[in-house]
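Chemist: Take a look at my_file.txt, compact mmCIF, C-alpha atoms:
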# COMPACT_ATOMS: atom_id res chain seq x y z
CA MET E 1 121.69 96.33 79.12
CA ALA E 2 120.30 93.48 81.24
CA ASP E 3 120.94 89.76 81.52
CA PHE E 4 121.59 86.99 84.02
CA VAL E 5 125.13 86.53 85.32
CA GLU E 6 126.57 83.68 87.36
CA LEU E 7 127.93 84.42 90.82
CA ILE E 8 129.97 82.18 93.12
CA ALA E 9 129.47 82.20 96.89
CA PRO E 10 132.37 81.81 99.33
CA ASP E 11 131.54 78.09 99.69
CA GLY E 12 131.76 77.59 95.92
CA PHE E 13 128.00 77.47 95.30
CA LYS E 14 127.06 78.93 91.91
CA PHE E 15 123.83 80.84 91.43
CA PRO E 16 122.32 83.35 88.98
CA ALA E 17 121.62 87.04 89.44
CA TYR E 18 119.67 89.33 87.16
CA GLU E 19 121.89 92.30 86.33
CA ALA E 20 121.12 95.61 84.63
CA ARG E 21 123.67 98.26 83.77
CA PRO E 22 123.13 101.93 82.98
CA ALA E 23 123.95 103.45 79.61
CA GLY E 24 127.07 105.13 80.96
CA GLN E 25 129.53 104.46 83.75
CA PRO E 26 127.69 103.30 86.92
CA GLN E 27 127.81 105.83 89.74
CA ALA E 28 127.57 103.01 92.32
CA ALA E 29 125.81 99.65 92.72
CA ILE E 30 122.57 98.41 94.27
CA VAL E 31 121.80 94.80 95.20
CA VAL E 32 118.05 94.09 95.06
CA LEU E 33 116.74 91.30 97.30
CA GLN E 34 113.60 89.50 96.15
CA GLU E 35 110.30 88.85 97.86
CA ILE E 36 109.12 85.24 98.36
CA PHE E 37 108.17 85.11 94.67
CA GLY E 38 111.63 84.74 93.17
CA VAL E 39 113.44 86.95 90.69
CA ASN E 40 110.20 87.43 88.80
CA ALA E 41 109.05 90.11 86.35
CA HIS E 42 108.44 92.63 89.11
CA ILE E 43 111.87 92.23 90.70
CA ARG E 44 113.53 92.43 87.29
CA ALA E 45 111.62 95.66 86.66
CA VAL E 46 112.89 97.03 89.99
CA VAL E 47 116.45 96.18 88.97
CA ASP E 48 115.92 97.87 85.61
CA SER E 49 114.55 100.98 87.34
CA PHE E 50 117.67 101.39 89.47
CA ALA E 51 119.87 100.93 86.40
CA ALA E 52 117.87 103.73 84.73
CA GLN E 53 118.96 105.94 87.65
CA GLY E 54 122.62 105.33 86.84
CA TYR E 55 123.37 102.35 89.09
CA LEU E 56 124.67 98.90 88.37
CA ALA E 57 121.84 96.83 89.82
CA LEU E 58 121.46 93.12 90.34
CA ALA E 59 119.09 90.70 92.03
CA PRO E 60 120.61 87.42 93.23
CA ALA E 61 118.36 84.36 93.15
CA THR E 62 118.13 83.78 96.89
CA PHE E 63 115.98 80.65 96.47
CA HIS E 64 118.58 78.91 94.30
CA ARG E 65 120.03 76.81 97.12
CA VAL E 66 116.68 75.09 97.64
CA GLN E 67 115.03 75.38 94.21
CA LYS E 68 116.29 76.65 90.86
CA GLY E 69 114.46 78.94 88.48
CA VAL E 70 111.74 80.17 90.86
CA GLU E 71 109.45 82.76 89.28
CA LEU E 72 106.08 82.97 91.00
CA GLY E 73 103.04 85.20 90.65
CA TYR E 74 100.84 86.46 93.48
CA SER E 75 97.97 83.97 93.67
CA PRO E 76 97.17 82.14 96.92
CA ASP E 77 98.95 79.06 95.57
CA ASP E 78 102.00 81.16 94.67
CA ILE E 79 102.05 82.63 98.17
CA THR E 80 101.90 79.14 99.70
CA ALA E 81 104.77 77.99 97.49
CA GLY E 82 106.83 81.07 98.30
CA VAL E 83 106.32 80.72 102.04
CA ALA E 84 107.53 77.11 101.84
CA LEU E 85 110.61 78.09 99.86
CA LYS E 86 111.42 80.88 102.30
CA ALA E 87 111.15 78.41 105.19
CA ALA E 88 113.51 76.03 103.41
CA VAL E 89 116.11 78.78 102.91
CA GLU E 90 115.75 79.99 106.50
CA ALA E 91 116.39 76.40 107.65
CA LEU E 92 119.74 76.16 105.85
CA PRO E 93 122.82 75.85 108.08
CA VAL E 94 124.48 79.17 108.92
CA PRO E 95 125.54 81.24 106.99
CA GLY E 96 123.00 79.95 104.47
CA VAL E 97 121.89 82.49 101.88
CA MET E 98 123.83 85.31 103.51
CA GLN E 99 126.94 84.08 101.72
CA ASP E 100 125.12 84.47 98.38
CA ILE E 101 124.25 88.04 99.31
CA GLN E 102 127.89 88.61 100.24
CA ALA E 103 128.93 87.30 96.82
CA ALA E 104 126.52 89.71 95.11
CA ILE E 105 127.88 92.63 97.14
CA ASP E 106 131.48 91.66 96.37
CA TYR E 107 130.65 91.43 92.66
CA ALA E 108 128.88 94.79 92.66
CA ALA E 109 131.75 96.48 94.54
CA ALA E 110 133.81 96.41 91.36
CA VAL E 111 132.05 99.64 90.30
CA GLY E 112 132.25 101.46 93.64
CA LYS E 113 130.08 101.78 96.74
CA VAL E 114 127.25 99.28 97.22
CA GLY E 115 123.77 99.64 98.66
CA VAL E 116 121.14 96.97 99.21
CA VAL E 117 117.36 97.17 99.00
CA GLY E 118 114.84 94.42 99.62
CA TYR E 119 111.11 93.82 99.86
CA CYS E 120 109.14 91.61 102.28
CA TRP E 121 111.45 88.62 102.92
CA GLY E 122 114.07 90.55 100.97
CA GLY E 123 113.55 93.39 103.45
CA LEU E 124 114.44 91.05 106.29
CA LEU E 125 117.51 89.85 104.37
CA THR E 126 118.45 93.48 103.71
CA TRP E 127 118.36 94.21 107.44
CA ARG E 128 120.47 91.14 108.16
CA ALA E 129 122.92 92.14 105.43
CA ALA E 130 123.26 95.61 106.96
CA CYS E 131 124.22 93.94 110.24
CA MET E 132 126.15 90.85 109.16
CA VAL E 133 128.00 91.23 105.86
CA ARG E 134 130.86 93.44 104.72
CA GLY E 135 131.08 96.03 101.99
CA LEU E 136 127.77 97.88 102.31
CA SER E 137 127.39 101.65 102.50
CA ALA E 138 123.59 101.81 102.74
CA ALA E 139 120.60 99.51 103.22
CA VAL E 140 116.89 100.07 102.58
CA PRO E 141 114.51 97.34 103.80
CA TYR E 142 110.87 97.63 102.75
CA TYR E 143 108.35 96.07 105.18
CA GLY E 144 110.79 93.36 106.20
CA GLY E 145 108.77 90.49 107.61
CA GLY E 146 110.39 89.37 110.87
CA MET E 147 112.50 92.52 111.28
CA THR E 148 110.63 93.40 114.45
CA SER E 149 111.26 90.09 116.22
CA ALA E 150 113.45 90.25 119.32
CA THR E 151 116.31 88.49 117.54
CA GLU E 152 116.35 90.94 114.65
CA ILE E 153 115.83 94.03 116.81
CA ALA E 154 118.92 93.05 118.79
CA ARG E 155 121.18 93.27 115.72
CA LYS E 156 123.39 96.30 115.11
CA PRO E 157 123.78 97.69 111.59
CA LYS E 158 127.22 98.38 110.15
CA CYS E 159 125.96 100.87 107.58
CA SER E 160 123.30 103.56 107.25
CA VAL E 161 119.74 102.17 107.14
CA LEU E 162 116.42 103.57 105.95
CA ALA E 163 113.48 101.29 106.84
CA HIS E 164 110.04 101.57 105.25
CA PHE E 165 106.99 100.22 107.12
CA ALA E 166 103.23 100.47 106.56
CA ASN E 167 100.59 101.47 109.09
CA HIS E 168 98.12 98.85 107.84
CA ASP E 169 100.56 95.94 107.48
CA GLN E 170 98.85 92.82 108.80
CA SER E 171 102.21 91.03 108.88
CA ILE E 172 104.15 93.56 110.96
CA PRO E 173 102.30 94.87 114.06
CA LEU E 174 102.76 98.55 114.84
CA GLU E 175 103.95 97.74 118.35
CA GLY E 176 106.78 95.77 116.75
CA VAL E 177 107.74 98.76 114.61
CA ALA E 178 107.68 100.94 117.73
CA ALA E 179 110.00 98.50 119.51
CA PHE E 180 112.32 98.46 116.50
CA LYS E 181 112.47 102.27 116.42
CA ALA E 182 113.20 102.45 120.14
CA ALA E 183 116.02 99.93 119.88
CA GLN E 184 117.50 101.40 116.67
CA PRO E 185 117.66 105.19 117.11
CA ASP E 186 120.21 105.54 114.31
CA VAL E 187 117.92 103.88 111.74
CA GLU E 188 115.69 106.22 109.75
CA VAL E 189 112.17 104.75 109.92
CA GLN E 190 109.43 105.96 107.57
CA MET E 191 105.76 105.01 107.87
CA TYR E 192 103.13 104.92 105.11
CA GLN E 193 99.34 104.83 105.06
CA ALA E 194 99.40 101.58 103.12
CA SER E 195 99.50 97.79 103.47
CA HIS E 196 102.18 95.12 103.22
CA GLY E 197 103.53 94.92 99.69
CA PHE E 198 102.59 98.50 98.81
CA ASN E 199 105.58 98.91 96.50
CA CYS E 200 104.67 96.03 94.17
CA ASP E 201 102.48 97.12 91.25
CA HIS E 202 101.67 93.46 90.52
CA ARG E 203 99.82 93.07 93.83
CA ALA E 204 96.41 94.19 95.04
CA ALA E 205 98.13 95.95 97.96
CA TYR E 206 99.96 98.31 95.60
CA ASP E 207 99.67 101.93 96.67
CA ALA E 208 100.97 104.30 94.00
CA ALA E 209 101.35 107.31 96.30
CA ALA E 210 103.17 105.38 99.03
CA ALA E 211 105.39 103.62 96.48
CA ALA E 212 106.33 106.91 94.83
CA LEU E 213 107.17 108.60 98.13
CA ALA E 214 109.18 105.61 99.36
CA ARG E 215 111.09 105.49 96.08
CA GLU E 216 111.84 109.21 96.26
CA ARG E 217 113.22 108.76 99.77
CA THR E 218 115.13 105.63 98.77
CA LEU E 219 116.81 107.30 95.81
CA ALA E 220 117.75 110.32 97.95
CA PHE E 221 119.16 108.01 100.62
CA PHE E 222 121.27 106.11 98.10
CA ALA E 223 122.41 109.35 96.46
CA LYS E 224 123.64 110.54 99.86
CA TYR E 225 125.42 107.39 101.03
CA LEU E 226 126.64 105.91 97.75
CA ALA E 227 128.19 109.11 96.40
Rewrite the coordinates I just gave you, this time as structure tokens.
Modeler:
Amino acid sequence: MADFVELIAPDGFKFPAYEARPAGQPQAAIVVLQEIFGVNAHIRAVVDSFAAQGYLALAPATFHRVQKGVELGYSPDDITAGVALKAAVEALPVPGVMQDIQAAIDYAAAVGKVGVVGYCWGGLLTWRAACMVRGLSAAVPYYGGGMTSATEIARKPKCSVLAHFANHDQSIPLEGVAAFKAAQPDVEVQMYQASHGFNCDHRAAYDAAAAALARERTLAFFAKYLA
């Protein structure tokens, strides 16, 4: 069962989230954080896939504070639009979109422990959530753009973290990943012979083998920490 639900952030802001529930009682919950393309067909499919594994899963619309109803594809024009929307969200006064993520976590916590997973920009937000919000038991950022900046490396996670990076990612230099690993010895870091966006089967960078291995590791990680 899947549909959009309305969530309310601590400051009273209302925004949608795409939610999918398993056939039976959820074993735990997973918040899915979007790329720069909105809660589009791919992100909804990711949510559905976690629900099929027995989790309550939901993807909050993290662009909603700057533009409603964003659902982009992967063309050069879509990328340009997504980058601009991301910049607008990042420019919001603190706490900005983090309070929307907190609202999603609080909502999901009604069924039990909560994990968060995110891709690209959502990977960065996942890392920030692991360090800044309450109520998380596990976090899995995929190729989080900006995660290896000095500001992000200096953060300290409050929950267990599994981070996926790619060896051929033109957006995240390997020296940055090395610095992140050195500064975060408690974070499990996995590397893949793939490019940025390797998990998304709607993109040219999709790598089926890397995506399957990362998903296997992600599901095992959630099974361990959300039990």
Chemist: Which of these residues is nearest to Asp207 (chain E), using all atoms listed in the file: E:Leu56, E:Cys159, E:Ala194, E:Val189?
Modeler: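 Closest to Asp207 (chain E), using all atoms listed in the file: E:Ala194.
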Chemist: Under the rule that only C-alpha atoms are counted, which of E:Ala81, E:Ala205, E:Ala130, E:Leu219 is the nearest residue to Met147 (chain E)?
Modeler: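 Smallest separation from Met147 (chain E) among the options: E:Ala130.
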Chemist: Just the residues within 8 Å of region 24-30 of chain E, please, counting all atoms listed in the file, with nothing from its chain fewer than 5 positions along; format it as a ChimeraX atom specification.
Modeler: /E:50,54-58,108-109,111-117,226-227
Chemist: Selection from above, C-alpha atoms, as an mmCIF file, in the coordinates of the input, can you write it?
Modeler:
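Once written, out.cif looks like this:
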data_model
loop_
_atom_site.group_PDB
_atom_site.id
_atom_site.type_symbol
_atom_site.label_atom_id
_atom_site.label_comp_id
_atom_site.auth_asym_id
_atom_site.auth_seq_id
_atom_site.Cartn_x
_atom_site.Cartn_y
_atom_site.Cartn_z
ATOM 1 C CA PHE E 50 117.670 101.390 89.470
ATOM 2 C CA GLY E 54 122.620 105.330 86.840
ATOM 3 C CA TYR E 55 123.370 102.350 89.090
ATOM 4 C CA LEU E 56 124.670 98.900 88.370
ATOM 5 C CA ALA E 57 121.840 96.830 89.820
ATOM 6 C CA LEU E 58 121.460 93.120 90.340
ATOM 7 C CA ALA E 108 128.880 94.790 92.660
ATOM 8 C CA ALA E 109 131.750 96.480 94.540
ATOM 9 C CA VAL E 111 132.050 99.640 90.300
ATOM 10 C CA GLY E 112 132.250 101.460 93.640
ATOM 11 C CA LYS E 113 130.080 101.780 96.740
ATOM 12 C CA VAL E 114 127.250 99.280 97.220
ATOM 13 C CA GLY E 115 123.770 99.640 98.660
ATOM 14 C CA VAL E 116 121.140 96.970 99.210
ATOM 15 C CA VAL E 117 117.360 97.170 99.000
ATOM 16 C CA LEU E 226 126.640 105.910 97.750
ATOM 17 C CA ALA E 227 128.190 109.110 96.400
#
Chemist: Just the number, please: distance in Å from CA of Val133 (chain E) to CA of Tyr18 (chain E), one decimal.
Modeler: 20.6 Å
Chemist: Hey, which of E:Asn167, E:Asn40, E:Thr126, E:Gln53 ends up closest to Gly144 (chain E)? Count only C-alpha atoms.
Modeler: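 Using only C-alpha atoms, Gly144 (chain E) sits closest to E:Thr126.
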Chemist: In Å, rounded to a single decimal, give me how far CA of Ala59 (chain E) is from CA of Ala209 (chain E).
Modeler: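 Separation of CA of Ala209 (chain E) and CA of Ala59 (chain E): 24.7 Å.
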Chemist: Between CA of Arg217 (chain E) and CA of Ser160 (chain E), what distance in Å does the model show, to one decimal?
Modeler: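 Taking CA of Arg217 (chain E) and CA of Ser160 (chain E), their separation equals 13.6 Å.
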Chemist: Determine, counting all atoms listed in the file, which protein, DNA and RNA residues have an atom within 12 Å of an atom of Ser195 (chain E); residues of the same chain fewer than 2 positions away are not included. Present the result as a PyMOL selection string.
Modeler: chain E and resi 120+142-143+164-174+191-193+197-200+203-208+210-211
Chemist: Determine the nearest neighbour of Arg215 (chain E) from the options E:Leu136, E:Leu72, E:Val46, E:Ala104, counting all atoms listed in the file.
Modeler: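 Checking each of E:Leu136, E:Leu72, E:Val46, E:Ala104 against Arg215 (chain E), counting all atoms listed in the file, the winner is E:Val46.
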Chemist: Which residue gives the smallest distance to Ala88 (chain E) among E:Gln102, E:Thr62, E:Thr148, E:Gln184, with all atoms listed in the file counted?
Modeler: E:Thr62
